[in-house]
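Source file: my_file-v6.pdb (PDB, C-alpha atoms, pLDDT in the B column)
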ATOM      1  CA  MET A 870       4.896  11.414  -5.112  1.00 94.00           C
ATOM      2  CA  ILE A 871       3.324   9.378  -2.313  1.00 97.00           C
ATOM      3  CA  VAL A 872       0.825   6.671  -3.262  1.00 97.00           C
ATOM      4  CA  SER A 873      -1.311   4.585  -0.901  1.00 96.00           C
ATOM      5  CA  VAL A 874      -2.464   1.155  -2.055  1.00 95.00           C
ATOM      6  CA  GLY A 875      -5.502   0.084  -0.083  1.00 88.00           C
ATOM      7  CA  ASN A 876      -8.838  -1.687   0.100  1.00 85.00           C
ATOM      8  CA  ASN A 877     -11.055  -2.839   2.942  1.00 75.00           C
ATOM      9  CA  LYS A 878     -10.949  -6.440   1.696  1.00 73.00           C
ATOM     10  CA  GLY A 879      -8.035  -8.805   2.179  1.00 73.00           C
ATOM     11  CA  GLY A 880      -6.589 -10.992  -0.544  1.00 73.00           C
ATOM     12  CA  VAL A 881      -7.036  -8.524  -3.405  1.00 79.00           C
ATOM     13  CA  GLY A 882      -3.314  -8.221  -4.113  1.00 82.00           C
ATOM     14  CA  LYS A 883      -2.434  -4.957  -2.371  1.00 89.00           C
ATOM     15  CA  THR A 884       0.983  -6.140  -1.219  1.00 92.00           C
ATOM     16  CA  SER A 885       1.811  -7.918  -4.461  1.00 90.00           C
ATOM     17  CA  ILE A 886       0.902  -4.849  -6.500  1.00 91.00           C
ATOM     18  CA  THR A 887       2.863  -2.557  -4.178  1.00 95.00           C
ATOM     19  CA  CYS A 888       6.047  -4.634  -4.214  1.00 94.00           C
ATOM     20  CA  ASN A 889       5.988  -5.500  -7.911  1.00 92.00           C
ATOM     21  CA  LEU A 890       5.254  -1.894  -8.853  1.00 94.00           C
ATOM     22  CA  ALA A 891       8.171  -0.777  -6.674  1.00 96.00           C
ATOM     23  CA  ALA A 892      10.507  -3.301  -8.331  1.00 94.00           C
ATOM     24  CA  ALA A 893       9.328  -2.279 -11.809  1.00 94.00           C
ATOM     25  CA  LEU A 894       9.800   1.430 -11.140  1.00 96.00           C
ATOM     26  CA  GLY A 895      13.222   0.735  -9.645  1.00 96.00           C
ATOM     27  CA  ARG A 896      14.253  -1.106 -12.806  1.00 95.00           C
ATOM     28  CA  LEU A 897      13.218   1.950 -14.798  1.00 96.00           C
ATOM     29  CA  GLY A 898      15.574   4.094 -12.722  1.00 95.00           C
ATOM     30  CA  ALA A 899      13.159   5.648 -10.233  1.00 96.00           C
ATOM     31  CA  LYS A 900      14.199   5.733  -6.590  1.00 96.00           C
ATOM     32  CA  VAL A 901      11.368   4.060  -4.675  1.00 97.00           C
ATOM     33  CA  LEU A 902      10.568   3.747  -0.983  1.00 97.00           C
ATOM     34  CA  VAL A 903       8.003   1.215   0.256  1.00 97.00           C
ATOM     35  CA  LEU A 904       6.305   1.743   3.614  1.00 97.00           C
ATOM     36  CA  ASP A 905       4.910  -1.440   5.146  1.00 95.00           C
ATOM     37  CA  MET A 906       1.892  -0.246   7.171  1.00 94.00           C
ATOM     38  CA  ASP A 907       0.498  -3.745   7.741  1.00 92.00           C
ATOM     39  CA  SER A 908       1.420  -5.520  10.989  1.00 90.00           C
ATOM     40  CA  GLN A 909       1.339  -8.809   9.041  1.00 91.00           C
ATOM     41  CA  CYS A 910       4.593  -7.515   7.499  1.00 91.00           C
ATOM     42  CA  ASN A 911       4.078  -9.143   4.096  1.00 91.00           C
ATOM     43  CA  ALA A 912       5.728  -6.332   2.134  1.00 93.00           C
ATOM     44  CA  THR A 913       8.693  -6.548   4.498  1.00 93.00           C
ATOM     45  CA  SER A 914       8.894 -10.302   3.854  1.00 90.00           C
ATOM     46  CA  ILE A 915       8.770  -9.912   0.072  1.00 91.00           C
ATOM     47  CA  LEU A 916      11.294  -7.104  -0.221  1.00 92.00           C
ATOM     48  CA  LEU A 917      13.705  -8.260   2.468  1.00 89.00           C
ATOM     49  CA  SER A 918      13.307 -12.060   2.466  1.00 76.00           C
ATOM     50  CA  GLY A 919      16.545 -13.987   2.691  1.00 62.00           C
ATOM     51  CA  GLU A 920      18.485 -10.875   3.627  1.00 62.00           C
ATOM     52  CA  SER A 921      20.205  -9.952   6.848  1.00 57.00           C
ATOM     53  CA  HIS A 922      18.925  -6.458   7.383  1.00 59.00           C
ATOM     54  CA  ILE A 923      19.165  -4.323  10.447  1.00 61.00           C
ATOM     55  CA  ALA A 924      16.636  -1.554  10.829  1.00 64.00           C
ATOM     56  CA  THR A 925      17.420   0.764  13.696  1.00 72.00           C
ATOM     57  CA  HIS A 926      13.785   1.820  13.600  1.00 84.00           C
ATOM     58  CA  THR A 927      10.640   0.442  11.955  1.00 91.00           C
ATOM     59  CA  MET A 928       7.129   1.633  11.137  1.00 92.00           C
ATOM     60  CA  TYR A 929       6.343   0.966  14.791  1.00 91.00           C
ATOM     61  CA  ASP A 930       8.728   3.724  15.836  1.00 90.00           C
ATOM     62  CA  LEU A 931       7.629   6.047  13.047  1.00 91.00           C
ATOM     63  CA  LEU A 932       3.986   5.837  14.135  1.00 92.00           C
ATOM     64  CA  ASP A 933       4.394   5.557  17.899  1.00 90.00           C
ATOM     65  CA  PRO A 934       2.807   8.747  19.305  1.00 88.00           C
ATOM     66  CA  ASP A 935       5.043   8.486  22.391  1.00 83.00           C
ATOM     67  CA  ILE A 936       8.205   8.880  20.277  1.00 74.00           C
ATOM     68  CA  ARG A 937       8.741  12.529  19.436  1.00 69.00           C
ATOM     69  CA  GLU A 938      12.433  12.722  18.542  1.00 68.00           C
ATOM     70  CA  GLY A 939      14.965  10.915  16.358  1.00 62.00           C
ATOM     71  CA  ILE A 940      12.861  10.692  13.192  1.00 67.00           C
ATOM     72  CA  HIS A 941      15.672  10.585  10.626  1.00 67.00           C
ATOM     73  CA  GLY A 942      15.823   8.720   7.314  1.00 66.00           C
ATOM     74  CA  ASP A 943      19.121   6.984   7.954  1.00 73.00           C
ATOM     75  CA  THR A 944      17.642   5.109  10.935  1.00 82.00           C
ATOM     76  CA  PHE A 945      14.455   3.923   9.185  1.00 87.00           C
ATOM     77  CA  VAL A 946      15.254   3.239   5.548  1.00 90.00           C
ATOM     78  CA  VAL A 947      16.650  -0.169   4.563  1.00 91.00           C
ATOM     79  CA  SER A 948      17.989  -0.969   1.094  1.00 91.00           C
ATOM     80  CA  THR A 949      16.540  -4.041  -0.619  1.00 92.00           C
ATOM     81  CA  ARG A 950      18.028  -6.436  -3.179  1.00 90.00           C
ATOM     82  CA  HIS A 951      15.960  -4.692  -5.861  1.00 92.00           C
ATOM     83  CA  PRO A 952      17.731  -1.885  -7.736  1.00 93.00           C
ATOM     84  CA  ASN A 953      16.754   1.577  -6.449  1.00 95.00           C
ATOM     85  CA  VAL A 954      14.151   0.155  -4.026  1.00 96.00           C
ATOM     86  CA  SER A 955      14.257   0.779  -0.279  1.00 94.00           C
ATOM     87  CA  CYS A 956      11.841  -0.119   2.486  1.00 94.00           C
ATOM     88  CA  ILE A 957      10.754   0.966   5.929  1.00 94.00           C
ATOM     89  CA  PRO A 958       9.997  -2.454   7.432  1.00 94.00           C
ATOM     90  CA  ASN A 959       7.291  -3.273   9.928  1.00 93.00           C
ATOM     91  CA  ILE A 960       7.050  -5.602  12.912  1.00 91.00           C
ATOM     92  CA  GLU A 961       4.047  -7.515  14.232  1.00 91.00           C
ATOM     93  CA  GLU A 962       4.072  -5.478  17.433  1.00 91.00           C
ATOM     94  CA  SER A 963       2.836  -2.427  15.513  1.00 90.00           C
ATOM     95  CA  SER A 964      -0.707  -3.785  15.891  1.00 89.00           C
ATOM     96  CA  ALA A 965      -0.439  -2.710  19.535  1.00 90.00           C
ATOM     97  CA  LEU A 966      -0.401   0.929  18.386  1.00 92.00           C
ATOM     98  CA  ASP A 967      -4.138   0.782  17.667  1.00 89.00           C
ATOM     99  CA  ILE A 968      -4.945   1.881  21.208  1.00 89.00           C
ATOM    100  CA  PRO A 969      -2.524   4.830  21.641  1.00 90.00           C
ATOM    101  CA  LEU A 970      -3.192   6.070  18.098  1.00 91.00           C
ATOM    102  CA  GLY A 971      -6.932   5.739  18.574  1.00 87.00           C
ATOM    103  CA  ARG A 972      -6.743   7.500  21.922  1.00 88.00           C
ATOM    104  CA  SER A 973      -4.938  10.458  20.376  1.00 84.00           C
ATOM    105  CA  SER A 974      -7.206  10.782  17.337  1.00 84.00           C
ATOM    106  CA  PRO A 975      -8.003  12.897  15.389  1.00 89.00           C
ATOM    107  CA  ASP A 976      -4.488  14.347  15.891  1.00 88.00           C
ATOM    108  CA  SER A 977      -2.988  10.928  15.190  1.00 90.00           C
ATOM    109  CA  PHE A 978      -4.510  10.927  11.691  1.00 95.00           C
ATOM    110  CA  ARG A 979      -1.742  13.332  10.692  1.00 94.00           C
ATOM    111  CA  ILE A 980       1.166  11.533  12.370  1.00 94.00           C
ATOM    112  CA  LEU A 981       2.604  10.050   9.168  1.00 95.00           C
ATOM    113  CA  GLN A 982       1.906  13.258   7.263  1.00 95.00           C
ATOM    114  CA  GLN A 983       3.974  15.146   9.843  1.00 92.00           C
ATOM    115  CA  ARG A 984       6.806  12.647  10.345  1.00 91.00           C
ATOM    116  CA  LEU A 985       7.443  11.266   6.863  1.00 92.00           C
ATOM    117  CA  PRO A 986       9.016  14.509   5.562  1.00 91.00           C
ATOM    118  CA  HIS A 987      11.736  14.161   8.230  1.00 87.00           C
ATOM    119  CA  VAL A 988      12.544  10.694   6.871  1.00 87.00           C
ATOM    120  CA  LEU A 989      12.527  11.849   3.256  1.00 89.00           C
ATOM    121  CA  SER A 990      14.625  14.959   3.892  1.00 84.00           C
ATOM    122  CA  SER A 991      17.858  12.977   4.172  1.00 76.00           C
ATOM    123  CA  LYS A 992      17.013  10.338   1.542  1.00 79.00           C
ATOM    124  CA  PRO A 993      15.120  11.749  -1.444  1.00 85.00           C
ATOM    125  CA  PHE A 994      12.860   9.375  -3.376  1.00 94.00           C
ATOM    126  CA  ASP A 995      10.925   9.775  -6.607  1.00 96.00           C
ATOM    127  CA  VAL A 996       8.037   7.591  -5.459  1.00 97.00           C
ATOM    128  CA  VAL A 997       6.819   6.428  -2.041  1.00 97.00           C
ATOM    129  CA  LEU A 998       4.413   3.458  -2.055  1.00 98.00           C
ATOM    130  CA  ILE A 999       2.428   2.611   1.085  1.00 97.00           C
ATOM    131  CA  ASP A1000       1.126  -0.924   1.565  1.00 95.00           C
ATOM    132  CA  ASN A1001      -1.879  -0.948   3.899  1.00 94.00           C
ATOM    133  CA  PRO A1002      -3.737  -3.536   5.974  1.00 91.00           C
ATOM    134  CA  PRO A1003      -7.140  -4.786   4.745  1.00 87.00           C
ATOM    135  CA  SER A1004      -9.401  -2.246   6.412  1.00 84.00           C
ATOM    136  CA  ILE A1005     -10.735   1.264   5.968  1.00 83.00           C
ATOM    137  CA  GLY A1006     -10.057   2.280   9.540  1.00 88.00           C
ATOM    138  CA  LEU A1007      -7.296   4.040  11.405  1.00 92.00           C
ATOM    139  CA  TRP A1008      -4.275   2.780   9.431  1.00 94.00           C
ATOM    140  CA  LEU A1009      -5.611   3.587   5.986  1.00 94.00           C
ATOM    141  CA  THR A1010      -6.762   6.982   7.242  1.00 95.00           C
ATOM    142  CA  ILE A1011      -3.227   7.744   8.445  1.00 95.00           C
ATOM    143  CA  SER A1012      -1.775   6.619   5.092  1.00 96.00           C
ATOM    144  CA  LEU A1013      -4.211   8.632   2.993  1.00 97.00           C
ATOM    145  CA  ALA A1014      -3.613  11.713   5.104  1.00 97.00           C
ATOM    146  CA  ALA A1015       0.040  11.568   4.029  1.00 96.00           C
ATOM    147  CA  SER A1016      -0.526  10.621   0.369  1.00 97.00           C
ATOM    148  CA  ASP A1017      -0.856  12.405  -2.942  1.00 97.00           C
ATOM    149  CA  PHE A1018      -2.697   9.540  -4.657  1.00 96.00           C
ATOM    150  CA  ALA A1019      -4.643   6.385  -3.816  1.00 96.00           C
ATOM    151  CA  ILE A1020      -4.817   3.139  -5.806  1.00 94.00           C
ATOM    152  CA  VAL A1021      -7.529   0.588  -4.993  1.00 93.00           C
ATOM    153  CA  PRO A1022      -7.003  -3.033  -6.167  1.00 91.00           C
ATOM    154  CA  ILE A1023     -10.014  -5.196  -7.053  1.00 87.00           C
ATOM    155  CA  ASP A1024      -9.912  -9.005  -7.161  1.00 86.00           C
ATOM    156  CA  ALA A1025     -11.725 -10.075 -10.326  1.00 84.00           C
ATOM    157  CA  ALA A1026     -11.849 -13.667  -9.068  1.00 78.00           C
ATOM    158  CA  SER A1027     -14.106 -12.762  -6.148  1.00 77.00           C
ATOM    159  CA  GLY A1028     -17.751 -11.806  -6.276  1.00 70.00           C
ATOM    160  CA  TYR A1029     -17.270  -9.993  -2.984  1.00 74.00           C
ATOM    161  CA  SER A1030     -14.454  -7.786  -4.265  1.00 71.00           C
ATOM    162  CA  LEU A1031     -16.760  -4.879  -5.047  1.00 76.00           C
ATOM    163  CA  ASP A1032     -18.521  -5.036  -1.680  1.00 72.00           C
ATOM    164  CA  GLY A1033     -17.656  -1.963   0.332  1.00 70.00           C
ATOM    165  CA  LEU A1034     -15.761  -0.364  -2.544  1.00 80.00           C
ATOM    166  CA  ARG A1035     -17.918   2.738  -2.295  1.00 83.00           C
ATOM    167  CA  LYS A1036     -16.891   3.038   1.362  1.00 84.00           C
ATOM    168  CA  VAL A1037     -13.217   3.115   0.347  1.00 87.00           C
ATOM    169  CA  LEU A1038     -13.900   5.832  -2.221  1.00 90.00           C
ATOM    170  CA  ASP A1039     -15.996   7.734   0.327  1.00 90.00           C
ATOM    171  CA  LEU A1040     -13.102   7.579   2.809  1.00 92.00           C
ATOM    172  CA  ILE A1041     -10.766   9.014   0.170  1.00 94.00           C
ATOM    173  CA  ASP A1042     -13.227  11.870  -0.395  1.00 94.00           C
ATOM    174  CA  THR A1043     -13.549  12.461   3.355  1.00 95.00           C
ATOM    175  CA  ILE A1044      -9.770  12.588   3.855  1.00 95.00           C
ATOM    176  CA  ARG A1045      -9.421  15.019   0.948  1.00 95.00           C
ATOM    177  CA  GLU A1046     -12.164  17.291   2.287  1.00 95.00           C
ATOM    178  CA  ASN A1047     -11.097  17.295   5.938  1.00 94.00           C
ATOM    179  CA  ILE A1048      -7.401  16.433   6.277  1.00 95.00           C
ATOM    180  CA  ASN A1049      -5.438  16.310   3.018  1.00 96.00           C
ATOM    181  CA  PRO A1050      -6.752  18.459   0.156  1.00 96.00           C
ATOM    182  CA  ALA A1051      -3.868  17.270  -2.064  1.00 95.00           C
ATOM    183  CA  LEU A1052      -5.131  13.667  -2.040  1.00 97.00           C
ATOM    184  CA  ARG A1053      -6.453  12.299  -5.341  1.00 95.00           C
ATOM    185  CA  PHE A1054      -8.004   8.944  -6.223  1.00 93.00           C
ATOM    186  CA  LEU A1055      -5.781   7.640  -9.016  1.00 92.00           C
ATOM    187  CA  ARG A1056      -7.456   4.485 -10.339  1.00 91.00           C
ATOM    188  CA  LEU A1057      -8.877   1.050  -9.575  1.00 92.00           C
ATOM    189  CA  VAL A1058      -6.635  -1.884 -10.505  1.00 91.00           C
ATOM    190  CA  VAL A1059      -8.371  -5.038 -11.716  1.00 89.00           C
ATOM    191  CA  ASN A1060      -6.278  -7.926 -10.430  1.00 84.00           C
ATOM    192  CA  ARG A1061      -6.309 -11.741 -10.759  1.00 81.00           C
ATOM    193  CA  ALA A1062      -8.589 -11.732 -13.771  1.00 84.00           C
ATOM    194  CA  ASP A1063      -9.277 -15.012 -15.533  1.00 80.00           C
ATOM    195  CA  GLN A1064     -11.615 -13.771 -18.243  1.00 78.00           C
ATOM    196  CA  ARG A1065     -12.579 -17.334 -19.132  1.00 85.00           C
ATOM    197  CA  THR A1066     -14.702 -17.347 -15.963  1.00 86.00           C
ATOM    198  CA  LEU A1067     -18.155 -15.831 -15.640  1.00 86.00           C
ATOM    199  CA  ILE A1068     -17.372 -14.123 -12.323  1.00 85.00           C
ATOM    200  CA  ALA A1069     -14.314 -12.298 -13.722  1.00 86.00           C
ATOM    201  CA  ARG A1070     -16.234 -11.099 -16.754  1.00 88.00           C
ATOM    202  CA  HIS A1071     -19.074  -9.942 -14.495  1.00 86.00           C
ATOM    203  CA  VAL A1072     -16.738  -8.026 -12.144  1.00 87.00           C
ATOM    204  CA  ILE A1073     -14.925  -6.370 -15.054  1.00 88.00           C
ATOM    205  CA  GLU A1074     -18.196  -5.384 -16.724  1.00 88.00           C
ATOM    206  CA  ARG A1075     -19.506  -3.849 -13.483  1.00 88.00           C
ATOM    207  CA  ILE A1076     -16.316  -1.840 -13.081  1.00 89.00           C
ATOM    208  CA  ARG A1077     -16.513  -0.600 -16.662  1.00 89.00           C
ATOM    209  CA  THR A1078     -20.156   0.363 -16.171  1.00 88.00           C
ATOM    210  CA  GLU A1079     -20.087   1.822 -12.672  1.00 88.00           C
ATOM    211  CA  PHE A1080     -16.565   3.286 -12.595  1.00 88.00           C
ATOM    212  CA  SER A1081     -16.037   4.594 -16.108  1.00 86.00           C
ATOM    213  CA  GLY A1082     -12.751   6.484 -16.360  1.00 86.00           C
ATOM    214  CA  GLN A1083     -11.715   5.427 -12.850  1.00 90.00           C
ATOM    215  CA  TYR A1084      -9.801   2.227 -13.585  1.00 89.00           C
ATOM    216  CA  PHE A1085      -6.527   1.301 -15.267  1.00 90.00           C
ATOM    217  CA  GLU A1086      -7.062  -0.137 -18.735  1.00 88.00           C
ATOM    218  CA  THR A1087      -4.379  -2.742 -18.039  1.00 88.00           C
ATOM    219  CA  ILE A1088      -5.960  -5.757 -16.349  1.00 87.00           C
ATOM    220  CA  ILE A1089      -3.657  -8.019 -14.342  1.00 86.00           C
ATOM    221  CA  PRO A1090      -4.414 -11.645 -15.283  1.00 82.00           C
ATOM    222  CA  MET A1091      -4.481 -14.680 -13.040  1.00 77.00           C
ATOM    223  CA  ALA A1092      -0.996 -16.092 -13.552  1.00 74.00           C
ATOM    224  CA  THR A1093       0.955 -18.989 -12.084  1.00 75.00           C
ATOM    225  CA  LEU A1094       4.097 -16.846 -12.121  1.00 75.00           C
ATOM    226  CA  VAL A1095       2.510 -14.312  -9.788  1.00 74.00           C
ATOM    227  CA  GLN A1096       1.108 -16.989  -7.484  1.00 75.00           C
ATOM    228  CA  GLN A1097       4.514 -18.659  -7.230  1.00 77.00           C
ATOM    229  CA  ALA A1098       6.174 -15.349  -6.463  1.00 75.00           C
ATOM    230  CA  GLU A1099       3.670 -14.613  -3.692  1.00 74.00           C
ATOM    231  CA  TYR A1100       4.167 -18.058  -2.182  1.00 71.00           C
ATOM    232  CA  LEU A1101       7.957 -17.649  -2.179  1.00 73.00           C
ATOM    233  CA  HIS A1102       7.791 -14.049  -0.882  1.00 74.00           C
ATOM    234  CA  ARG A1103       9.359 -12.668  -4.043  1.00 79.00           C
ATOM    235  CA  THR A1104       8.479 -10.350  -6.894  1.00 82.00           C
ATOM    236  CA  VAL A1105       7.619 -11.626 -10.365  1.00 80.00           C
ATOM    237  CA  PHE A1106      10.971 -10.335 -11.627  1.00 80.00           C
ATOM    238  CA  GLU A1107      12.716 -12.972  -9.523  1.00 78.00           C
ATOM    239  CA  GLN A1108      10.638 -15.817 -10.982  1.00 65.00           C
ATOM    240  CA  ARG A1109      11.793 -15.444 -14.567  1.00 61.00           C
TER     241      ARG A1109
END

Output the file's structure in the form of structure tokens.
Amino acid sequence: MIVSVGNNKGGVGKTSITCNLAAALGRLGAKVLVLDMDSQCNATSILLSGESHIATHTMYDLLDPDIREGIHGDTFVVSTRHPNVSCIPNIEESSALDIPLGRSSPDSFRILQQRLPHVLSSKPFDVVLIDNPPSIGLWLTISLAASDFAIVPIDAASGYSLDGLRKVLDLIDTIRENINPALRFLRLVVNRADQRTLIARHVIERIRTEFSGQYFETIIPMATLVQQAEYLHRTVFEQR
């Protein structure tokens, strides 16, 4: 199962949700692979911070349209300190792929869809989680084209968190209709909710009204533990 976590707005908790979900699933015995699609490399920092890891190849190599050979799991996948959790790390230079990937579109939309099976063939995983940059452009399109499901986080502490949400859902529909018919929108995740505040209650009420049946019932609260973990580039399981 391949799941993309994405939204067009930054700061909604995409990376935190991706990494903590990976750690939680790993603790339950599932073998999880995290793909860091964001050139800011935050998922890489969280999962591999404080570790001496050597990745023969990174997401840059996996998505470089000029590289056509050598796509094998044992050269991309790096084990993390979290049980059963591995990662394909990213590097900041991957932002430079915007131009070659854009130049080769729409063929490039399928590049991850075509190459990821070669990585997974030698290292089977139960779940693949893809952390995406804050946009609904090229990178999220590539991720969704390779995914079975999409999760969209919403920041309940921000009145702007719902702005453009329809565009994200429209993109998911477009990818399903034109590139990846297997893609399904899984749910919205309400994150950073302090229900003592008017704005959080307003955001939650709008989601319940406008997106009935399309959100997870579990609401992630605003919590110091989570904020500390994010600051220290760790998961919440390491803050206990």

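Each of A:Ile1005, A:Val1072, A:Leu1038, A:Val1021 was compared to Thr887 (chain A) using all atoms listed in the file, and A:Val1021 turns out to be the nearest.
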
>> Can you translate the PyMOL selection byres ((chain A and resi 892) around 8) into the concrete residues it hits in this file, as a VMD selection string?
In response: chain A and resid 888 to 891 893 to 896 951 to 952 954 1104 1106

>> Need the shell around region 1086-1093 of chain A: protein/DNA/RNA residues with any atom at most 10 Å away, counting all atoms listed in the file. Skip same-chain ones fewer than 2 positions apart. Format as an MDAnalysis selection string?
In response: chainID A and resid 886 1024:1026 1056:1064 1073 1077 1082:1084 1095:1099

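The coordinates place CA of Gln909 (chain A) at 14.8 Å from CA of Tyr1100 (chain A).
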
>> Please list as a count of residues only every residue within 9 Å of Lys878 (chain A), counting only C-alpha atoms and excluding residues in the same chain fewer than 5 positions away.
In response: 10

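The two atoms in question, CA of Leu970 (chain A) and CA of Ser948 (chain A), are spaced 28.1 Å apart.
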
> Any idea what's packed within 12 Å of region 1008-1011 of chain A, counting all atoms listed in the file, ignoring anything in its chain fewer than 4 positions away? Could you give it as a PyMOL selection string?
Replying inline: chain A and resi 872-877+905-908+928+931-932+963-964+966-968+970-971+974-985+999-1004+1015-1016+1019-1021+1037-1045+1047-1049+1052

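The coordinates place CA of Ile871 (chain A) at 16.7 Å from CA of Pro958 (chain A).
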
>> Evaluated on this file, the PyMOL selection byres ((chain A and resi 993) around 12) picks out some residues - which ones are they, written as a ChimeraX atom specification?
In response: /A:870,899-902,942-943,946,953-955,985-992,994-997

Extending 3 Å beyond the listed atoms of region 997-1014 of chain A on each side, what axis-aligned box results? I want centre and edge lengths in Å to one decimal, as AutoDock Vina command-line options.
--center_x -2.0 --center_y 3.5 --center_z 4.7 --size_x 23.6 --size_y 22.5 --size_z 19.5

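Non-sequential neighbours of Thr927 (chain A) (distance at most 7 Å, separation of 3 or more positions within a chain, only C-alpha atoms) are Ala924, Asp930, Leu931, Phe945, Ile957, Pro958 and Asn959 of chain A.
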
Write a file of the selected residues as an mmCIF file, keeping the file's coordinate frame, keeping C-alpha atoms.
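What follows is the written file again-v7.cif:
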data_model
loop_
_atom_site.group_PDB
_atom_site.id
_atom_site.type_symbol
_atom_site.label_atom_id
_atom_site.label_comp_id
_atom_site.auth_asym_id
_atom_site.auth_seq_id
_atom_site.Cartn_x
_atom_site.Cartn_y
_atom_site.Cartn_z
ATOM 1 C CA ALA A 924 16.636 -1.554 10.829
ATOM 2 C CA ASP A 930 8.728 3.724 15.836
ATOM 3 C CA LEU A 931 7.629 6.047 13.047
ATOM 4 C CA PHE A 945 14.455 3.923 9.185
ATOM 5 C CA ILE A 957 10.754 0.966 5.929
ATOM 6 C CA PRO A 958 9.997 -2.454 7.432
ATOM 7 C CA ASN A 959 7.291 -3.273 9.928
#

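Between Arg1075 (chain A) and the candidates A:Leu1007, A:Leu916, A:Val1105, A:Leu1031, the tightest atom-to-atom separation, counting only C-alpha atoms, involves A:Leu1031.
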
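When only C-alpha atoms are used to measure the gap to His926 (chain A), the shortest distance among A:Ala965, A:Cys910, A:Cys956, A:Leu1094 belongs to A:Cys956.
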
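Among the candidates A:Leu1101, A:Leu1013, A:Leu998, A:Ile960, the one nearest to Glu1046 (chain A) when counting all atoms listed in the file is A:Leu1013.
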